[in-house]
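Beneath this line is the structure, given in structure tokens, with notes to follow.
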Amino acid sequence: MQKLEKFIPLQKALADFGNNDTSRAVAIRAVAENSWFTPGEVVASLRAIAADMLSPHALEQWLACYPQLPVASPRSVLVFMAGNIPAVGFADLLCVLAAGHRAVVKYSSRDTALMEYVVSLLSEEFDVKVYDPTTDTPDALLAMG
């Protein structure tokens with residue numbers, strides 16, 4: 001499935017998270033934003049996303065349960081992200097993108113660094129933008145936490 005290939009660059013980057021200066025700086029910023037996070041948890045969370053959610057096998061298995069995807073009429077979906085676990089908002093974002101919708105994200109103030117990093121990697125392949133309340137009028141809303 002061609003759409004799954006779009007997740008490969010993100011999967012590779014997250015599998016290597018913490019092994020380069022850029023990702024280490026993101027981890028330090030994430031810990032500064034949320035004192036409940038530790039550097040080890042941040043690295044482990046992003047590597048787990050790579051291994052457990054973004055591996056081609058995991059994506060194929062998950063999406064096989066939804067043969068109607070991607071949707072015929074994509075919508076603009078605003079994703080309000082939680083910030084209680086490192087990169088916890090990614091699961092919601094993945095659902096929106098895998099369904100074929102356009103994502104508009106509202107970062108949690110407690111997990112902005114990690115999700116900005118993830119979105120920057122995704123935006124090369126997917127239609128993802130940061131929410132602007134003055135101009136954005138999404139078709140749907142997804143909020144967890």
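For the structure tokens, the naming scheme is as follows: chains receive sequential letters (A, B, ...) according to their order of presentation, residues are indexed from 1 within each chain, and ligands are indexed from 1 in presentation order.
By only C-alpha atoms, and with residues fewer than 6 positions from A:Pro138 along its chain excluded, the set lying at most 8 Å from it is Arg75, Ser76, Val77, Leu78 and Val104 of chain A.
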Stretch 75-116 of chain A: residues DSSP assigns to alpha helix (DSSP H), reported as a count of residues only: 14
Contacts of stretch 32-46 of chain A at 12 Å or less, counting only C-alpha atoms, minus same-chain residues fewer than 4 places along, as a VMD selection string? chain A and resid 10 to 20 23 to 28 50 to 54 82 to 91 108 to 115 117 to 118
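Between atom CA of A:Cys65 and atom CA of A:Phe7 the interatomic distance comes to 18.2 Å.
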I want to know what sits within 10 Å of A:Asp92, based on only C-alpha atoms, with residues of the same chain fewer than 4 positions away left out; could you give that as a PyMOL selection string? chain A and resi 79-82+88+96-98+103+105+142-144
Name the residues of chain A that come out as strand (DSSP E or B) in a backbone DSSP run; write them as a compact mmCIF listing (two decimals) with N, CA, C and O atoms, in the first residue's frame.
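Output below, filename result-v3.txt:
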```txt
# COMPACT_ATOMS: atom_id res chain seq x y z
N SER A 76 -10.99 18.16 7.22
CA SER A 76 -9.99 18.83 8.05
C SER A 76 -10.33 18.50 9.50
O SER A 76 -11.41 18.85 9.98
N VAL A 77 -9.43 17.79 10.18
CA VAL A 77 -9.69 17.33 11.55
C VAL A 77 -8.73 18.03 12.51
O VAL A 77 -7.50 17.90 12.37
N LEU A 78 -9.29 18.75 13.47
CA LEU A 78 -8.50 19.40 14.51
C LEU A 78 -8.22 18.38 15.60
O LEU A 78 -9.15 17.79 16.17
N VAL A 79 -6.94 18.16 15.89
CA VAL A 79 -6.52 17.22 16.92
C VAL A 79 -5.99 18.02 18.10
O VAL A 79 -4.94 18.66 18.00
N PHE A 80 -6.74 18.01 19.21
CA PHE A 80 -6.28 18.62 20.46
C PHE A 80 -5.44 17.57 21.17
O PHE A 80 -5.95 16.52 21.54
N ARG A 102 -7.03 15.53 6.48
CA ARG A 102 -6.04 16.58 6.69
C ARG A 102 -6.01 16.88 8.19
O ARG A 102 -7.06 17.05 8.81
N ALA A 103 -4.85 16.96 8.76
CA ALA A 103 -4.72 17.19 10.20
C ALA A 103 -4.37 18.63 10.51
O ALA A 103 -3.51 19.23 9.88
N VAL A 104 -5.08 19.16 11.49
CA VAL A 104 -4.78 20.46 12.07
C VAL A 104 -4.51 20.16 13.54
O VAL A 104 -5.34 19.56 14.21
N VAL A 105 -3.34 20.52 14.04
CA VAL A 105 -2.96 20.13 15.40
C VAL A 105 -2.90 21.32 16.34
O VAL A 105 -2.47 22.40 15.98
N LYS A 106 -3.35 21.07 17.55
CA LYS A 106 -3.23 22.02 18.66
C LYS A 106 -2.38 21.30 19.70
O LYS A 106 -2.82 20.35 20.33
N VAL A 128 -0.42 18.40 7.20
CA VAL A 128 -0.52 18.67 8.63
C VAL A 128 -0.19 20.13 8.85
O VAL A 128 0.82 20.63 8.36
N LYS A 129 -1.03 20.83 9.60
CA LYS A 129 -0.73 22.21 9.94
C LYS A 129 -1.06 22.48 11.39
O LYS A 129 -1.82 21.73 12.00
N VAL A 130 -0.48 23.53 11.92
CA VAL A 130 -0.72 23.93 13.31
C VAL A 130 -1.96 24.82 13.35
O VAL A 130 -2.15 25.70 12.50
N ALA A 140 -14.03 18.66 11.77
CA ALA A 140 -14.22 17.74 12.88
C ALA A 140 -13.16 18.00 13.93
O ALA A 140 -12.17 18.68 13.68
N LEU A 141 -13.38 17.43 15.12
CA LEU A 141 -12.49 17.64 16.26
C LEU A 141 -12.22 16.30 16.93
O LEU A 141 -13.12 15.48 17.09
N LEU A 142 -10.97 16.08 17.30
CA LEU A 142 -10.58 14.89 18.05
C LEU A 142 -9.80 15.37 19.27
O LEU A 142 -8.80 16.06 19.14
N ALA A 143 -10.30 15.01 20.45
CA ALA A 143 -9.64 15.42 21.70
C ALA A 143 -9.63 14.24 22.65
O ALA A 143 -10.64 13.55 22.82
```
Which residues, written as number ranges by chain, have at least one atom at most 12 Å from stretch 4-6 of chain A, with only C-alpha atoms counted and residues fewer than 3 positions away on the same chain left out? A: 1, 9-12, 53-64, 69-70, 94, 97-100, 121-127
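The gap separating atom CA of A:Thr137 from atom CA of A:Ala30 is 28.9 Å, in Å to one decimal.
For the atom pair formed by atom CA of A:Arg29 and atom CA of A:Tyr107, the distance is 14.4 Å, given to one decimal.
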